[in-house]
>>> print(open('entry.cif').read())   # mmCIF, C-alpha atoms
data_input
#
loop_
_atom_site.label_atom_id
_atom_site.label_comp_id
_atom_site.auth_asym_id
_atom_site.auth_seq_id
_atom_site.Cartn_x
_atom_site.Cartn_y
_atom_site.Cartn_z
CA MET M 21 155.90 94.55 153.65
CA THR M 22 155.39 97.38 151.29
CA ASP M 23 155.63 97.04 147.56
CA LYS M 24 158.83 99.16 147.51
CA ILE M 25 160.57 96.81 149.94
CA LEU M 26 159.49 93.71 147.99
CA ILE M 27 160.66 95.24 144.72
CA SER M 28 163.99 96.24 146.33
CA ILE M 29 164.52 92.72 147.71
CA PHE M 30 163.61 91.19 144.33
CA CYS M 31 166.00 93.51 142.47
CA PHE M 32 168.80 92.81 144.96
CA LEU M 33 168.34 89.03 144.61
CA ALA M 34 168.18 89.28 140.81
CA ILE M 35 171.39 91.32 140.68
CA LEU M 36 173.09 88.91 143.10
CA MET M 37 172.12 85.89 140.99
CA ILE M 38 173.22 87.53 137.74
CA SER M 39 176.57 88.71 139.12
CA SER M 40 177.36 85.38 140.77
CA GLY M 41 176.67 83.61 137.46
CA CYS M 42 179.07 85.94 135.65
CA ASN M 43 181.89 85.43 138.14
CA ASN M 44 182.07 81.65 137.98
CA SER M 45 185.38 80.84 136.37
CA PRO M 46 185.98 77.36 135.02
CA ASN M 47 187.75 74.93 137.30
CA PHE M 48 190.11 73.42 134.72
CA ASP M 49 193.59 72.06 135.32
CA ASP M 50 196.44 74.37 134.25
CA ALA M 51 197.71 71.59 131.97
CA PRO M 52 195.60 71.46 128.80
CA GLN M 53 193.20 68.57 128.25
CA ILE M 54 192.19 67.43 124.78
CA GLU M 55 189.58 65.07 123.41
CA PHE M 56 189.13 63.66 119.92
CA ILE M 57 185.79 64.62 118.35
CA SER M 58 185.89 63.58 114.70
CA PHE M 59 187.53 63.13 111.33
CA SER M 60 185.80 64.76 108.35
CA LYS M 61 186.00 61.49 106.40
CA THR M 62 187.13 57.90 106.86
CA SER M 63 189.77 57.57 104.13
CA MET M 64 192.42 59.43 102.16
CA SER M 65 194.32 58.58 98.98
CA GLN M 66 198.07 58.34 99.41
CA SER M 67 200.21 61.05 97.87
CA ASP M 68 203.45 62.85 98.54
CA LEU M 69 202.08 66.03 96.93
CA ASN M 70 199.28 66.97 99.41
CA GLN M 71 196.58 65.98 96.93
CA ASP M 72 194.15 64.75 99.61
CA SER M 73 193.38 65.77 103.17
CA VAL M 74 191.16 65.21 106.17
CA PHE M 75 189.98 67.60 108.88
CA ILE M 76 190.38 66.53 112.47
CA THR M 77 188.34 68.18 115.22
CA LEU M 78 189.44 68.23 118.87
CA ALA M 79 187.97 69.73 122.03
CA PHE M 80 190.36 71.43 124.44
CA GLN M 81 190.41 73.07 127.88
CA ASP M 82 193.14 74.96 129.68
CA GLY M 83 192.82 76.30 133.22
CA ASP M 84 195.26 79.17 132.93
CA GLY M 85 194.19 80.06 129.39
CA ASP M 86 197.70 80.50 128.03
CA ILE M 87 197.26 78.92 124.63
CA GLY M 88 198.22 80.57 121.38
CA THR M 89 199.96 83.62 122.83
CA GLY M 90 203.39 82.58 121.55
CA GLN M 91 205.02 83.30 124.92
CA ASN M 92 208.04 81.29 126.11
CA GLY M 93 208.98 80.44 122.54
CA ILE M 94 206.06 78.07 121.95
CA THR M 95 205.64 78.08 118.19
CA GLU M 96 203.56 74.90 117.90
CA ASN M 97 200.68 73.99 120.20
CA PHE M 98 199.79 70.62 118.67
CA ILE M 99 202.15 67.78 117.83
CA ILE M 100 200.59 65.03 115.73
CA THR M 101 202.50 61.75 115.44
CA ASP M 102 201.93 59.02 112.82
CA ASN M 103 201.43 55.81 114.82
CA ARG M 104 202.70 53.66 111.94
CA THR M 105 206.16 55.18 112.16
CA GLY M 106 206.32 56.99 115.53
CA VAL M 107 207.53 60.08 113.67
CA PRO M 108 205.93 63.53 114.06
CA TYR M 109 203.50 63.98 111.19
CA GLU M 110 202.41 67.60 111.60
CA PHE M 111 202.71 70.59 113.93
CA PHE M 112 200.09 73.29 114.43
CA LYS M 113 200.04 76.71 116.10
CA ILE M 114 196.76 77.97 117.51
CA PRO M 115 195.96 81.58 116.61
CA ASP M 116 196.18 84.03 119.52
CA ILE M 117 193.35 83.59 122.01
CA VAL M 118 192.54 86.66 124.09
CA ASN M 119 192.11 85.93 127.81
CA MET M 120 188.75 87.12 129.06
CA GLY M 121 186.99 86.90 132.42
CA LEU M 122 188.24 86.39 135.92
CA GLY M 123 189.72 82.91 135.78
CA ASN M 124 191.03 83.03 132.21
CA GLY M 125 190.34 79.33 131.83
CA ILE M 126 189.30 78.53 128.28
CA GLU M 127 187.71 75.70 126.40
CA GLY M 128 186.73 75.22 122.82
CA GLU M 129 187.15 73.20 119.68
CA VAL M 130 189.89 73.34 117.11
CA GLN M 131 189.85 71.95 113.59
CA MET M 132 193.07 71.14 111.75
CA LYS M 133 193.65 70.07 108.16
CA LEU M 134 195.94 67.06 107.79
CA PHE M 135 197.32 66.44 104.34
CA THR M 136 197.76 62.89 103.13
CA THR M 137 200.95 60.88 103.27
CA CYS M 138 202.35 57.77 101.65
CA CYS M 139 201.51 54.20 102.49
CA VAL M 140 204.10 52.18 104.41
CA PHE M 141 204.53 48.57 103.30
CA PRO M 142 205.60 45.62 105.47
CA ASP M 143 207.73 44.04 102.71
CA GLY M 144 209.96 47.12 102.31
CA THR M 145 208.33 48.39 99.10
CA PRO M 146 209.22 52.08 98.85
CA PRO M 147 206.50 54.46 100.13
CA CYS M 148 203.98 55.93 97.66
CA PHE M 149 204.09 52.92 95.35
CA ALA M 150 200.92 50.93 94.75
CA PRO M 151 201.66 47.22 95.09
CA PRO M 152 198.49 45.18 94.45
CA GLN M 153 199.09 42.97 97.51
CA PHE M 154 198.81 46.07 99.82
CA PRO M 155 195.85 48.17 98.62
CA THR M 156 195.40 50.02 101.93
CA ASN M 157 197.07 51.14 105.15
CA GLU M 158 195.35 51.93 108.39
CA ILE M 159 196.65 55.12 109.97
CA SER M 160 196.00 56.66 113.38
CA PHE M 161 197.61 59.56 115.18
CA ASP M 162 198.75 60.45 118.68
CA ILE M 163 198.07 64.09 119.46
CA VAL M 164 199.39 66.23 122.31
CA MET M 165 198.79 69.91 123.06
CA ILE M 166 201.36 72.22 124.68
CA ASP M 167 200.37 75.53 126.25
CA ASP M 168 202.59 78.58 126.57
CA SER M 169 203.74 77.54 130.07
CA ARG M 170 205.00 74.33 128.43
CA ASN M 171 202.32 72.24 130.16
CA ARG M 172 201.61 69.14 128.09
CA SER M 173 198.13 67.73 127.69
CA ASN M 174 197.01 64.16 127.83
CA VAL M 175 197.84 62.16 124.70
CA VAL M 176 194.86 61.38 122.48
CA THR M 177 195.01 58.49 120.05
CA THR M 178 192.62 58.91 117.13
CA PRO M 179 190.60 56.11 115.59
CA THR M 180 192.12 54.68 112.44
CA ILE M 181 191.30 55.96 109.00
CA MET M 182 192.01 54.14 105.75
CA LEU M 183 194.88 55.28 103.56
CA LEU M 184 194.21 54.11 100.00
CA CYS M 185 197.49 53.00 98.45
CA ASP M 186 196.42 52.68 94.80
#
>>> encode(input="entry.cif", output="structure tokens")
Amino acid sequence: MTDKILISIFCFLAILMISSGCNNSPNFDDAPQIEFISFSKTSMSQSDLNQDSVFITLAFQDGDGDIGTGQNGITENFIITDNRTGVPYEFFKIPDIVNMGLGNGIEGEVQMKLFTTCCVFPDGTPPCFAPPQFPTNEISFDIVMIDDSRNRSNVVTTPTIMLLCD
């Protein structure tokens, strides 16, 4: 073979490899999937005035990439529930994410700031008091993500963090 033919074959194979690598779209489910990554710290002081907070980091994937667009009236993409009470604790909306590529599947990480809450006491003491017999509460959260097609993710339960009641 001549050098021109070898160079042409090499260039063709290189272009084929590069273009096939660019066209691989992720093979994610259309329903979002989330995974707990971390808390920024292991405790918070109780307060009803948002005086303390913790950052929570989650990984997410969505096969159809329709997260954060605000379509179909979705105004909150994350629902975070306090496992002590079963009551929603916080709601978050993801900023708009521009769909890119062929498959439009997306994955990434999101970090949310959770402000503190009050301790809950088993003897009926009103929340946000500081009875000496209950210096701490353990708190964990259930988190679900909803995409703009109203597909719900798996539910992630976080590890517990300490809520300091004094």
>>> closest_residue(input="entry.cif", among="M:Asn171, M:Pro115, M:Val176, M:Thr105", to="M:Phe141", atoms="only C-alpha atoms")
M:Thr105
>>> resolve_selection(input="entry.cif", expression="the PyMOL selection byres ((chain M and resi 133) around 12)", output="number ranges by chain")
M: 59-61, 70, 72-78, 100, 109-112, 130-132, 134-136
>>> atom_distance(input="entry.cif", atom1="atom CA of M:Ile99", atom2="atom CA of M:Asp167")
11.6 Å
>>> atom_distance(input="entry.cif", atom1="atom CA of M:Val164", atom2="atom CA of M:Cys138")
22.5 Å
>>> atom_distance(input="entry.cif", atom1="atom CA of M:Gln66", atom2="atom CA of M:Pro155")
10.4 Å
>>> residues_around(input="entry.cif", residues="M:Ile94", least_positions_apart="3", cutoff="9 Å", atoms="only C-alpha atoms", output="list in words")
Gly88, Thr89, Gly90, Gln91, Asn97, Lys113, Ile166, Asp167, Asp168, Ser169 and Arg170 of chain M
>>> resolve_selection(input="entry.cif", expression="the PyMOL selection byres ((chain M and resi 159-162) around 6)", output="VMD selection string")
chain M and resid 100 to 103 158 163 176 to 181
>>> build_atoms(input="entry.cif", residues="stretch 81-114 of chain M", atoms="N, CA and C atoms", output="PDB file, keeping the file's coordinate frame")
ATOM      1  N   GLN M  81     190.610  72.189 126.721  1.00  0.00           N
ATOM      2  CA  GLN M  81     190.410  73.070 127.880  1.00  0.00           C
ATOM      3  C   GLN M  81     191.782  73.387 128.440  1.00  0.00           C
ATOM      4  N   ASP M  82     191.902  74.571 129.020  1.00  0.00           N
ATOM      5  CA  ASP M  82     193.140  74.960 129.680  1.00  0.00           C
ATOM      6  C   ASP M  82     192.799  75.908 130.819  1.00  0.00           C
ATOM      7  N   GLY M  83     193.195  75.546 132.039  1.00  0.00           N
ATOM      8  CA  GLY M  83     192.820  76.300 133.220  1.00  0.00           C
ATOM      9  C   GLY M  83     193.425  77.675 133.317  1.00  0.00           C
ATOM     10  N   ASP M  84     194.657  77.840 132.839  1.00  0.00           N
ATOM     11  CA  ASP M  84     195.260  79.170 132.930  1.00  0.00           C
ATOM     12  C   ASP M  84     195.133  79.948 131.630  1.00  0.00           C
ATOM     13  N   GLY M  85     194.551  79.342 130.615  1.00  0.00           N
ATOM     14  CA  GLY M  85     194.190  80.060 129.390  1.00  0.00           C
ATOM     15  C   GLY M  85     195.354  80.570 128.573  1.00  0.00           C
ATOM     16  N   ASP M  86     196.529  79.986 128.746  1.00  0.00           N
ATOM     17  CA  ASP M  86     197.700  80.500 128.030  1.00  0.00           C
ATOM     18  C   ASP M  86     198.006  79.637 126.802  1.00  0.00           C
ATOM     19  N   ILE M  87     197.092  79.669 125.873  1.00  0.00           N
ATOM     20  CA  ILE M  87     197.260  78.920 124.630  1.00  0.00           C
ATOM     21  C   ILE M  87     197.256  79.910 123.478  1.00  0.00           C
ATOM     22  N   GLY M  88     198.221  79.773 122.586  1.00  0.00           N
ATOM     23  CA  GLY M  88     198.220  80.570 121.380  1.00  0.00           C
ATOM     24  C   GLY M  88     198.844  81.944 121.500  1.00  0.00           C
ATOM     25  N   THR M  89     199.392  82.278 122.674  1.00  0.00           N
ATOM     26  CA  THR M  89     199.960  83.620 122.830  1.00  0.00           C
ATOM     27  C   THR M  89     201.367  83.712 122.263  1.00  0.00           C
ATOM     28  N   GLY M  90     202.034  82.573 122.082  1.00  0.00           N
ATOM     29  CA  GLY M  90     203.390  82.580 121.550  1.00  0.00           C
ATOM     30  C   GLY M  90     204.445  82.903 122.585  1.00  0.00           C
ATOM     31  N   GLN M  91     204.049  83.000 123.862  1.00  0.00           N
ATOM     32  CA  GLN M  91     205.020  83.300 124.920  1.00  0.00           C
ATOM     33  C   GLN M  91     205.913  82.086 125.154  1.00  0.00           C
ATOM     34  N   ASN M  92     207.067  82.336 125.758  1.00  0.00           N
ATOM     35  CA  ASN M  92     208.040  81.290 126.110  1.00  0.00           C
ATOM     36  C   ASN M  92     208.512  80.498 124.900  1.00  0.00           C
ATOM     37  N   GLY M  93     208.441  81.092 123.725  1.00  0.00           N
ATOM     38  CA  GLY M  93     208.980  80.440 122.540  1.00  0.00           C
ATOM     39  C   GLY M  93     208.148  79.299 121.994  1.00  0.00           C
ATOM     40  N   ILE M  94     206.909  79.154 122.449  1.00  0.00           N
ATOM     41  CA  ILE M  94     206.060  78.070 121.950  1.00  0.00           C
ATOM     42  C   ILE M  94     205.555  78.469 120.562  1.00  0.00           C
ATOM     43  N   THR M  95     206.043  77.771 119.558  1.00  0.00           N
ATOM     44  CA  THR M  95     205.640  78.080 118.190  1.00  0.00           C
ATOM     45  C   THR M  95     204.673  77.053 117.634  1.00  0.00           C
ATOM     46  N   GLU M  96     204.500  75.931 118.330  1.00  0.00           N
ATOM     47  CA  GLU M  96     203.560  74.900 117.900  1.00  0.00           C
ATOM     48  C   GLU M  96     202.828  74.384 119.120  1.00  0.00           C
ATOM     49  N   ASN M  97     201.482  74.441 119.076  1.00  0.00           N
ATOM     50  CA  ASN M  97     200.680  73.990 120.200  1.00  0.00           C
ATOM     51  C   ASN M  97     200.229  72.546 120.081  1.00  0.00           C
ATOM     52  N   PHE M  98     200.196  72.006 118.870  1.00  0.00           N
ATOM     53  CA  PHE M  98     199.790  70.620 118.670  1.00  0.00           C
ATOM     54  C   PHE M  98     200.902  69.867 117.970  1.00  0.00           C
ATOM     55  N   ILE M  99     201.218  68.687 118.492  1.00  0.00           N
ATOM     56  CA  ILE M  99     202.150  67.780 117.830  1.00  0.00           C
ATOM     57  C   ILE M  99     201.355  66.526 117.494  1.00  0.00           C
ATOM     58  N   ILE M 100     201.342  66.185 116.212  1.00  0.00           N
ATOM     59  CA  ILE M 100     200.590  65.030 115.730  1.00  0.00           C
ATOM     60  C   ILE M 100     201.596  64.009 115.212  1.00  0.00           C
ATOM     61  N   THR M 101     201.540  62.806 115.769  1.00  0.00           N
ATOM     62  CA  THR M 101     202.500  61.750 115.440  1.00  0.00           C
ATOM     63  C   THR M 101     201.791  60.629 114.686  1.00  0.00           C
ATOM     64  N   ASP M 102     202.413  60.155 113.605  1.00  0.00           N
ATOM     65  CA  ASP M 102     201.930  59.020 112.820  1.00  0.00           C
ATOM     66  C   ASP M 102     202.229  57.754 113.616  1.00  0.00           C
ATOM     67  N   ASN M 103     201.211  57.011 114.016  1.00  0.00           N
ATOM     68  CA  ASN M 103     201.430  55.810 114.820  1.00  0.00           C
ATOM     69  C   ASN M 103     202.019  54.643 114.043  1.00  0.00           C
ATOM     70  N   ARG M 104     202.048  54.716 112.719  1.00  0.00           N
ATOM     71  CA  ARG M 104     202.700  53.660 111.940  1.00  0.00           C
ATOM     72  C   ARG M 104     204.204  53.750 112.068  1.00  0.00           C
ATOM     73  N   THR M 105     204.715  54.973 112.186  1.00  0.00           N
ATOM     74  CA  THR M 105     206.160  55.180 112.160  1.00  0.00           C
ATOM     75  C   THR M 105     206.715  55.733 113.479  1.00  0.00           C
ATOM     76  N   GLY M 106     205.856  56.340 114.298  1.00  0.00           N
ATOM     77  CA  GLY M 106     206.320  56.990 115.530  1.00  0.00           C
ATOM     78  C   GLY M 106     206.987  58.330 115.280  1.00  0.00           C
ATOM     79  N   VAL M 107     206.887  58.829 114.066  1.00  0.00           N
ATOM     80  CA  VAL M 107     207.530  60.080 113.670  1.00  0.00           C
ATOM     81  C   VAL M 107     206.493  61.204 113.663  1.00  0.00           C
ATOM     82  N   PRO M 108     206.878  62.409 114.145  1.00  0.00           N
ATOM     83  CA  PRO M 108     205.930  63.530 114.060  1.00  0.00           C
ATOM     84  C   PRO M 108     205.452  63.726 112.618  1.00  0.00           C
ATOM     85  N   TYR M 109     204.160  63.880 112.481  1.00  0.00           N
ATOM     86  CA  TYR M 109     203.500  63.980 111.190  1.00  0.00           C
ATOM     87  C   TYR M 109     203.215  65.427 110.828  1.00  0.00           C
ATOM     88  N   GLU M 110     202.792  66.209 111.850  1.00  0.00           N
ATOM     89  CA  GLU M 110     202.410  67.600 111.600  1.00  0.00           C
ATOM     90  C   GLU M 110     202.478  68.375 112.910  1.00  0.00           C
ATOM     91  N   PHE M 111     202.699  69.681 112.791  1.00  0.00           N
ATOM     92  CA  PHE M 111     202.710  70.590 113.930  1.00  0.00           C
ATOM     93  C   PHE M 111     201.769  71.743 113.616  1.00  0.00           C
ATOM     94  N   PHE M 112     201.024  72.187 114.630  1.00  0.00           N
ATOM     95  CA  PHE M 112     200.090  73.290 114.430  1.00  0.00           C
ATOM     96  C   PHE M 112     200.240  74.329 115.524  1.00  0.00           C
ATOM     97  N   LYS M 113     200.064  75.579 115.162  1.00  0.00           N
ATOM     98  CA  LYS M 113     200.040  76.710 116.100  1.00  0.00           C
ATOM     99  C   LYS M 113     198.625  77.242 116.145  1.00  0.00           C
ATOM    100  N   ILE M 114     198.091  77.394 117.342  1.00  0.00           N
ATOM    101  CA  ILE M 114     196.760  77.970 117.510  1.00  0.00           C
ATOM    102  C   ILE M 114     196.884  79.484 117.354  1.00  0.00           C
TER     103      ILE M 114
END
